[in-house]
Amino acid sequence: MSAIGPIAGSALTSRQFILLYAAMLVSAAGNTALQSVMPAIGRAMGAPDIYVALTFSVSAVLWVVLAPRWARQSDHHGRKPLIILGVGAGFTLSSLLCAFVLWAGLEGWIAPALTFLLFGIVRALYGIFGCATPSATQAYLAAKTRRTARVKALAGLTSSFSLGTIIGPALAPLFVLPFVGLSGPLFVFTGFGIAVMLAVLRWLPNDQGAHGRGAAMSYPSLASTPTGASIKAATSELPERMRWSDPRIRPWILAGVVTNHAMAAILSVIGFFTIDRLGLDPVGSEQSIALVMLAGAVATLGAQWGIIPRLGWGPRTLILAGSSIAAVGMVGTMLADTLYGIVLGFACQHLGFGLIRPGFTGGASIAVPLREQGGVAGVVTSANGVAFVAAPTLGIVAYQLEPHLPFAASAVLLVGVVLWGWRKLA
């Protein structure tokens with residue numbers, strides 16, 4: 001692997017940028033791949049659906065709590081060790097242990113309850129250490145890039161999360177392999193993680209002592225495309241601590257938290273809904289689930305990379321229009337009884353969410369002066385991540401009570417945001 005030309009405005013070579021990009025990409029892709037196969041795994045073992053949701057919730061709690069800490073640590077201990085820690089212990093080791101645990105459960109060697117208890121424990125490594133990767137890679141890039149070129153370079157780096165949300169669900173069904181079955185994707189993505197970790201260890205120079213700041217990113221999940229918050233945090237001067245209750249940003253953050261909860265709740269049930277509504281066998285259902293999730297990811301990217309740049313809507317319009325579209329998608333998904341209908345409804349949901357996220361991020365950003373952009377970016381990142389703490393479990397509980405309930409409740413929340421935002425968002 002030879003060095004390629006330099007990145008414009010940066011001391012990074014193309015090879016070094018690709019290594020940073022790959023570290024982010026493999027973590028995001030592996031996480032969304034896991035989301036597309038876990039409903040099938042849970043059903044194949046006969047485990048209660050809530051077991052799946054709880055494992056993601058625990059990991060998300062740890063990510064949200066520890067991501068800011070790793071962002072601070074990246075400024076003091078060098079970025080390369082933290083990248084290796086995030087990819088190695090956070091993603092690769094976690095994926096490998098999860099693969100063995102789930103394989104044992106699928107083969108009936110251990111009971112479903114013990115399987116998911118062990119899975120939750122080893123999955124916690126992803127929440128504890130995996131969140132070190134985004135902040136360390138951003139800090140590494142920032143330290144080697146001129147301020148005038150930093151925003152563009154960071155945007156290119158963080159787009160790896162967007163690409164990962166597409167690659168993960170698309171590849172997962174291809175890796176359901178003989179002998180290991182539904183746990184196959186985890187073994188394969190472990191191999192990807194090892195390759196990236198060894199490449200970083202071998203070819204990425206150490207930057208101990210370099211000056212540059214990383215920023216926490218929200219918990220990676222399907223269609224969690226970058227909103228620019230972490231980029232602002234990484235490029236702003238050190239800000240005063242900003243509170244969620246700050247009246248300047250409170251309406252925007254409230255809109256973001258409510259809509260994110262609706263999105264996270266449906267993400268936790270869509271796999272089970274697809275299996276139940278279509279009457280699928282758990283083994284093989286991952287293909288249909290992945291197709292649904294892929295449609296959602298593509299719709300989100302279409303909104304943020306296609307619609308928003310062309311329409312030029314302001315934050316208020318993005319939130320109101322996005323919430324309306326997502327609510328229609330909720331109803332459409334709820335009433336669908338074919339794979340085509342579920343795909344279309346889910347894509348409609350995420351087209352709306354793709355408008356909402358930049359809306360509340362932009363609204364909060366323009367509500368404060370330049371010197372406070374880092375502070376507001378930190379609040380936005382927390383608002384994006386906190387939804388994955390409780391919403392997945394709440395979504396599953398509602399689904400077990402009545403399969404239509406999560407969609408109906410989410411639609412009501414979104415309509416509520418439209419009615420409330422019409423008066424409160426300026």
# chains A, B, ... in the order shown; residues from 1 in each chain; ligands from 1
>>> residues_around(residues="Ala44 of chain A", least_positions_apart="5", cutoff="8 Å", atoms="only C-alpha atoms", output="NGL selection string")
:A and (106 or 282-283)
>>> write_last_selection(atoms="all heavy atoms", output="compact mmCIF listing (two decimals), in the first residue's frame")
# COMPACT_ATOMS: atom_id res chain seq x y z
N LEU A 106 -28.07 -19.95 18.67
CA LEU A 106 -28.79 -20.47 17.51
C LEU A 106 -28.66 -22.00 17.40
O LEU A 106 -29.58 -22.68 16.92
CB LEU A 106 -28.26 -19.82 16.23
CG LEU A 106 -28.66 -18.35 16.01
CD1 LEU A 106 -27.80 -17.71 14.94
CD2 LEU A 106 -30.13 -18.24 15.66
N PRO A 282 -37.98 -17.05 10.06
CA PRO A 282 -36.85 -16.24 10.53
C PRO A 282 -35.60 -16.38 9.67
O PRO A 282 -34.94 -15.38 9.35
CB PRO A 282 -36.62 -16.76 11.95
CG PRO A 282 -37.96 -17.24 12.39
CD PRO A 282 -38.61 -17.81 11.16
N VAL A 283 -35.26 -17.62 9.29
CA VAL A 283 -34.11 -17.83 8.43
C VAL A 283 -34.50 -17.47 6.99
O VAL A 283 -35.34 -18.11 6.39
CB VAL A 283 -33.61 -19.28 8.50
CG1 VAL A 283 -32.41 -19.47 7.56
CG2 VAL A 283 -33.23 -19.65 9.92
>>> residues_around(residues="Phe346 of chain A", least_positions_apart="2", cutoff="8 Å", atoms="only C-alpha atoms", output="list in words")
Val292, Met293, Ala295, Gly296, Gly329, Met330, Thr333, Ile342, Val343, Leu344, Cys348, Gln349 and His350 of chain A
>>> atom_distance(atom1="atom CA of Leu335 of chain A", atom2="atom CA of Leu413 of chain A")
17.9 Å
>>> atom_distance(atom1="atom CA of Trp252 of chain A", atom2="atom CA of Phe360 of chain A")
5.0 Å
>>> closest_atom_pairs(of="segment 70-187 of chain A", to="segment 60-64 of chain A", cutoff="8 Å", atoms="only C-alpha atoms", output="CSV")
residue,atom,partner,partner_atom,distance
A:Ala124,CA,A:Leu62,CA,7.2
A:Tyr126,CA,A:Trp63,CA,7.8
A:Gly127,CA,A:Trp63,CA,4.3
A:Ile128,CA,A:Leu62,CA,5.5
A:Gly130,CA,A:Trp63,CA,7.6
A:Cys131,CA,A:Trp63,CA,5.8
>>> write_last_selection(atoms="N, CA and C atoms", output="PDB file, in the first residue's frame")
ATOM      1  N   ALA A 124     -21.759  -4.523  25.006  1.00  0.00           N
ATOM      2  CA  ALA A 124     -21.447  -3.291  25.724  1.00  0.00           C
ATOM      3  C   ALA A 124     -20.065  -2.763  25.354  1.00  0.00           C
ATOM      4  N   TYR A 126     -18.938  -2.366  22.496  1.00  0.00           N
ATOM      5  CA  TYR A 126     -19.129  -1.431  21.388  1.00  0.00           C
ATOM      6  C   TYR A 126     -19.507  -0.053  21.907  1.00  0.00           C
ATOM      7  N   GLY A 127     -20.399  -0.013  22.891  1.00  0.00           N
ATOM      8  CA  GLY A 127     -20.790   1.266  23.466  1.00  0.00           C
ATOM      9  C   GLY A 127     -19.675   1.924  24.253  1.00  0.00           C
ATOM     10  N   ILE A 128     -18.864   1.095  24.950  1.00  0.00           N
ATOM     11  CA  ILE A 128     -17.811   1.643  25.805  1.00  0.00           C
ATOM     12  C   ILE A 128     -16.644   2.181  24.979  1.00  0.00           C
ATOM     13  N   GLY A 130     -16.276   1.716  21.278  1.00  0.00           N
ATOM     14  CA  GLY A 130     -16.519   2.058  19.879  1.00  0.00           C
ATOM     15  C   GLY A 130     -16.654   3.541  19.641  1.00  0.00           C
ATOM     16  N   CYS A 131     -17.157   4.275  20.633  1.00  0.00           N
ATOM     17  CA  CYS A 131     -17.357   5.714  20.469  1.00  0.00           C
ATOM     18  C   CYS A 131     -16.041   6.482  20.463  1.00  0.00           C
TER      19      CYS A 131
END
>>> closest_residue(among="A:Val269, A:Ile249, A:Ile83, A:Val200", to="Phe407 of chain A", atoms="only C-alpha atoms")
A:Val269
>>> residues_around(residues="Ile266 of chain A", least_positions_apart="3", cutoff="12 Å", atoms="only C-alpha atoms", output="ChimeraX atom specification")
/A:53,222,259-263,269-274,293,296,326-327,329-331,333-334,345-346,349-350,353,387-388,391-399,403-411
>>> closest_residue(among="A:Leu66, A:Ile275, A:Ala71, A:Leu186", to="Ser94 of chain A", atoms="only C-alpha atoms")
A:Leu186
>>> residues_around(residues="Thr55 of chain A", least_positions_apart="2", cutoff="10 Å", atoms="only C-alpha atoms", output="mmCIF file with N, CA and C atoms, in the first residue's frame")
data_model
loop_
_atom_site.group_PDB
_atom_site.id
_atom_site.type_symbol
_atom_site.label_atom_id
_atom_site.label_comp_id
_atom_site.auth_asym_id
_atom_site.auth_seq_id
_atom_site.Cartn_x
_atom_site.Cartn_y
_atom_site.Cartn_z
ATOM 1 N N ILE A 50 -38.186 -8.161 23.099
ATOM 2 C CA ILE A 50 -37.619 -7.083 23.914
ATOM 3 C C ILE A 50 -36.160 -7.340 24.237
ATOM 4 N N TYR A 51 -35.729 -8.610 24.202
ATOM 5 C CA TYR A 51 -34.321 -8.900 24.449
ATOM 6 C C TYR A 51 -33.439 -8.177 23.436
ATOM 7 N N VAL A 52 -33.874 -8.167 22.178
ATOM 8 C CA VAL A 52 -33.105 -7.503 21.122
ATOM 9 C C VAL A 52 -33.016 -6.000 21.385
ATOM 10 N N ALA A 53 -34.151 -5.404 21.726
ATOM 11 C CA ALA A 53 -34.170 -3.955 21.959
ATOM 12 C C ALA A 53 -33.292 -3.564 23.143
ATOM 13 N N SER A 57 -30.253 -0.795 23.519
ATOM 14 C CA SER A 57 -30.417 0.318 24.456
ATOM 15 C C SER A 57 -29.223 0.435 25.391
ATOM 16 N N VAL A 58 -28.735 -0.696 25.905
ATOM 17 C CA VAL A 58 -27.584 -0.673 26.814
ATOM 18 C C VAL A 58 -26.364 -0.117 26.097
ATOM 19 N N SER A 59 -26.127 -0.582 24.883
ATOM 20 C CA SER A 59 -24.991 -0.096 24.112
ATOM 21 C C SER A 59 -25.113 1.406 23.852
ATOM 22 N N ALA A 60 -26.321 1.863 23.550
ATOM 23 C CA ALA A 60 -26.532 3.287 23.272
ATOM 24 C C ALA A 60 -26.300 4.144 24.507
ATOM 25 N N PHE A 116 -28.841 -13.927 25.315
ATOM 26 C CA PHE A 116 -28.980 -12.475 25.201
ATOM 27 C C PHE A 116 -28.362 -11.741 26.381
ATOM 28 N N LEU A 117 -28.265 -12.391 27.529
ATOM 29 C CA LEU A 117 -27.543 -11.785 28.641
ATOM 30 C C LEU A 117 -26.062 -11.646 28.288
ATOM 31 N N LEU A 118 -25.481 -12.728 27.777
ATOM 32 C CA LEU A 118 -24.079 -12.680 27.377
ATOM 33 C C LEU A 118 -23.879 -11.727 26.197
ATOM 34 N N PHE A 119 -24.823 -11.754 25.268
ATOM 35 C CA PHE A 119 -24.746 -10.856 24.121
ATOM 36 C C PHE A 119 -24.749 -9.396 24.572
ATOM 37 N N GLY A 120 -25.621 -9.070 25.508
ATOM 38 C CA GLY A 120 -25.681 -7.708 26.017
ATOM 39 C C GLY A 120 -24.377 -7.286 26.678
ATOM 40 N N ILE A 121 -23.732 -8.230 27.383
ATOM 41 C CA ILE A 121 -22.474 -7.915 28.068
ATOM 42 C C ILE A 121 -21.362 -7.636 27.060
ATOM 43 N N VAL A 122 -21.202 -8.523 26.073
ATOM 44 C CA VAL A 122 -20.104 -8.316 25.113
ATOM 45 C C VAL A 122 -20.434 -7.201 24.129
ATOM 46 N N ARG A 123 -21.721 -6.988 23.873
ATOM 47 C CA ARG A 123 -22.133 -5.882 23.015
ATOM 48 C C ARG A 123 -21.810 -4.535 23.671
ATOM 49 N N ALA A 124 -21.759 -4.523 25.006
ATOM 50 C CA ALA A 124 -21.447 -3.291 25.724
ATOM 51 C C ALA A 124 -20.065 -2.763 25.354
ATOM 52 N N PRO A 392 -35.956 2.340 21.699
ATOM 53 C CA PRO A 392 -36.063 0.981 21.159
ATOM 54 C C PRO A 392 -36.852 0.037 22.056
ATOM 55 N N THR A 393 -36.610 0.105 23.352
ATOM 56 C CA THR A 393 -37.338 -0.761 24.285
ATOM 57 C C THR A 393 -38.812 -0.381 24.352
#
>>> closest_residue(among="A:Gly193, A:Gly30, A:Gly78, A:Pro173", to="Ala139 of chain A", atoms="only C-alpha atoms")
A:Gly78
>>> residues_around(residues="Gly88 of chain A", least_positions_apart="2", cutoff="10 Å", atoms="only C-alpha atoms", output="list in words")
Ala23, Leu82, Ile83, Ile84, Leu85, Gly86, Gly90, Phe91, Thr92, Leu93, Ser94, Ser95, Tyr126, Phe129, Gly130, Thr133, Thr190, Gly193, Ile194, Val196, Met197 and Leu198 of chain A
>>> write_last_selection(atoms="N, CA, C and O atoms", output="PDB file, in the first residue's frame")
ATOM      1  N   ALA A  23     -11.947   3.298   9.129  1.00  0.00           N
ATOM      2  CA  ALA A  23     -12.218   3.053  10.543  1.00  0.00           C
ATOM      3  C   ALA A  23     -13.638   3.473  10.907  1.00  0.00           C
ATOM      4  O   ALA A  23     -14.352   2.754  11.629  1.00  0.00           O
ATOM      5  N   LEU A  82      -6.241   5.598  20.178  1.00  0.00           N
ATOM      6  CA  LEU A  82      -7.682   5.576  20.406  1.00  0.00           C
ATOM      7  C   LEU A  82      -8.432   5.024  19.194  1.00  0.00           C
ATOM      8  O   LEU A  82      -9.468   4.373  19.349  1.00  0.00           O
ATOM      9  N   ILE A  83      -7.935   5.275  17.999  1.00  0.00           N
ATOM     10  CA  ILE A  83      -8.549   4.685  16.805  1.00  0.00           C
ATOM     11  C   ILE A  83      -8.442   3.167  16.875  1.00  0.00           C
ATOM     12  O   ILE A  83      -9.413   2.435  16.613  1.00  0.00           O
ATOM     13  N   ILE A  84      -7.261   2.683  17.238  1.00  0.00           N
ATOM     14  CA  ILE A  84      -7.059   1.239  17.358  1.00  0.00           C
ATOM     15  C   ILE A  84      -7.934   0.670  18.462  1.00  0.00           C
ATOM     16  O   ILE A  84      -8.523  -0.413  18.319  1.00  0.00           O
ATOM     17  N   LEU A  85      -8.048   1.387  19.573  1.00  0.00           N
ATOM     18  CA  LEU A  85      -8.911   0.927  20.657  1.00  0.00           C
ATOM     19  C   LEU A  85     -10.360   0.844  20.202  1.00  0.00           C
ATOM     20  O   LEU A  85     -11.060  -0.143  20.487  1.00  0.00           O
ATOM     21  N   GLY A  86     -10.832   1.866  19.489  1.00  0.00           N
ATOM     22  CA  GLY A  86     -12.222   1.880  19.046  1.00  0.00           C
ATOM     23  C   GLY A  86     -12.528   0.798  18.040  1.00  0.00           C
ATOM     24  O   GLY A  86     -13.530   0.072  18.163  1.00  0.00           O
ATOM     25  N   GLY A  90     -13.606  -1.942  20.565  1.00  0.00           N
ATOM     26  CA  GLY A  90     -14.984  -1.481  20.462  1.00  0.00           C
ATOM     27  C   GLY A  90     -15.779  -2.190  19.394  1.00  0.00           C
ATOM     28  O   GLY A  90     -16.930  -2.561  19.604  1.00  0.00           O
ATOM     29  N   PHE A  91     -15.179  -2.399  18.230  1.00  0.00           N
ATOM     30  CA  PHE A  91     -15.926  -3.025  17.143  1.00  0.00           C
ATOM     31  C   PHE A  91     -15.525  -4.480  16.909  1.00  0.00           C
ATOM     32  O   PHE A  91     -16.355  -5.380  16.957  1.00  0.00           O
ATOM     33  N   THR A  92     -14.240  -4.726  16.666  1.00  0.00           N
ATOM     34  CA  THR A  92     -13.809  -6.060  16.247  1.00  0.00           C
ATOM     35  C   THR A  92     -14.002  -7.097  17.339  1.00  0.00           C
ATOM     36  O   THR A  92     -14.608  -8.157  17.110  1.00  0.00           O
ATOM     37  N   LEU A  93     -13.469  -6.842  18.519  1.00  0.00           N
ATOM     38  CA  LEU A  93     -13.602  -7.807  19.615  1.00  0.00           C
ATOM     39  C   LEU A  93     -15.057  -8.002  19.993  1.00  0.00           C
ATOM     40  O   LEU A  93     -15.526  -9.128  20.218  1.00  0.00           O
ATOM     41  N   SER A  94     -15.810  -6.892  20.064  1.00  0.00           N
ATOM     42  CA  SER A  94     -17.231  -6.990  20.381  1.00  0.00           C
ATOM     43  C   SER A  94     -17.966  -7.839  19.351  1.00  0.00           C
ATOM     44  O   SER A  94     -18.764  -8.719  19.706  1.00  0.00           O
ATOM     45  N   SER A  95     -17.705  -7.600  18.061  1.00  0.00           N
ATOM     46  CA  SER A  95     -18.382  -8.358  17.006  1.00  0.00           C
ATOM     47  C   SER A  95     -18.034  -9.842  17.068  1.00  0.00           C
ATOM     48  O   SER A  95     -18.899 -10.708  16.887  1.00  0.00           O
ATOM     49  N   TYR A 126     -18.938  -2.366  22.496  1.00  0.00           N
ATOM     50  CA  TYR A 126     -19.129  -1.431  21.388  1.00  0.00           C
ATOM     51  C   TYR A 126     -19.507  -0.053  21.907  1.00  0.00           C
ATOM     52  O   TYR A 126     -18.997   0.970  21.438  1.00  0.00           O
ATOM     53  N   PHE A 129     -16.153   1.368  24.053  1.00  0.00           N
ATOM     54  CA  PHE A 129     -14.933   1.720  23.323  1.00  0.00           C
ATOM     55  C   PHE A 129     -15.175   2.171  21.882  1.00  0.00           C
ATOM     56  O   PHE A 129     -14.357   2.898  21.314  1.00  0.00           O
ATOM     57  N   GLY A 130     -16.276   1.716  21.278  1.00  0.00           N
ATOM     58  CA  GLY A 130     -16.519   2.058  19.879  1.00  0.00           C
ATOM     59  C   GLY A 130     -16.654   3.541  19.641  1.00  0.00           C
ATOM     60  O   GLY A 130     -16.303   4.050  18.564  1.00  0.00           O
ATOM     61  N   THR A 133     -13.703   5.868  18.293  1.00  0.00           N
ATOM     62  CA  THR A 133     -13.269   5.956  16.897  1.00  0.00           C
ATOM     63  C   THR A 133     -13.646   7.279  16.230  1.00  0.00           C
ATOM     64  O   THR A 133     -12.772   7.929  15.633  1.00  0.00           O
ATOM     65  N   THR A 190     -16.293  -8.934  11.561  1.00  0.00           N
ATOM     66  CA  THR A 190     -15.115  -9.048  12.420  1.00  0.00           C
ATOM     67  C   THR A 190     -13.849  -9.079  11.578  1.00  0.00           C
ATOM     68  O   THR A 190     -12.849  -8.426  11.902  1.00  0.00           O
ATOM     69  N   GLY A 193     -13.088  -5.689  10.402  1.00  0.00           N
ATOM     70  CA  GLY A 193     -12.531  -4.895  11.493  1.00  0.00           C
ATOM     71  C   GLY A 193     -11.068  -5.209  11.742  1.00  0.00           C
ATOM     72  O   GLY A 193     -10.252  -4.296  11.981  1.00  0.00           O
ATOM     73  N   ILE A 194     -10.702  -6.501  11.694  1.00  0.00           N
ATOM     74  CA  ILE A 194      -9.305  -6.885  11.890  1.00  0.00           C
ATOM     75  C   ILE A 194      -8.433  -6.282  10.790  1.00  0.00           C
ATOM     76  O   ILE A 194      -7.340  -5.758  11.049  1.00  0.00           O
ATOM     77  N   VAL A 196      -8.962  -3.575   8.979  1.00  0.00           N
ATOM     78  CA  VAL A 196      -8.820  -2.131   9.161  1.00  0.00           C
ATOM     79  C   VAL A 196      -7.887  -1.825  10.328  1.00  0.00           C
ATOM     80  O   VAL A 196      -7.028  -0.939  10.237  1.00  0.00           O
ATOM     81  N   MET A 197      -8.039  -2.555  11.427  1.00  0.00           N
ATOM     82  CA  MET A 197      -7.192  -2.320  12.599  1.00  0.00           C
ATOM     83  C   MET A 197      -5.713  -2.547  12.266  1.00  0.00           C
ATOM     84  O   MET A 197      -4.847  -1.743  12.636  1.00  0.00           O
ATOM     85  N   LEU A 198      -5.411  -3.632  11.549  1.00  0.00           N
ATOM     86  CA  LEU A 198      -4.023  -3.919  11.191  1.00  0.00           C
ATOM     87  C   LEU A 198      -3.484  -2.875  10.217  1.00  0.00           C
ATOM     88  O   LEU A 198      -2.309  -2.487  10.296  1.00  0.00           O
TER      89      LEU A 198
END
>>> select_by_dssp(residues="segment 30-188 of chain A", states="helix (DSSP H, G or I)", output="ChimeraX atom specification")
/A:30-45,49-73,79-106,112-129,132-143,147-175,184-188
>>> closest_residue(among="A:Ala170, A:Asp246, A:Leu318, A:Gly191", to="Gly375 of chain A", atoms="only C-alpha atoms")
A:Asp246
>>> closest_residue(among="A:Trp244, A:Tyr21, A:Phe161, A:Trp203", to="Ser218 of chain A", atoms="only C-alpha atoms")
A:Phe161
>>> atom_distance(atom1="atom CA of Gln138 of chain A", atom2="atom CA of Leu294 of chain A")
26.5 Å
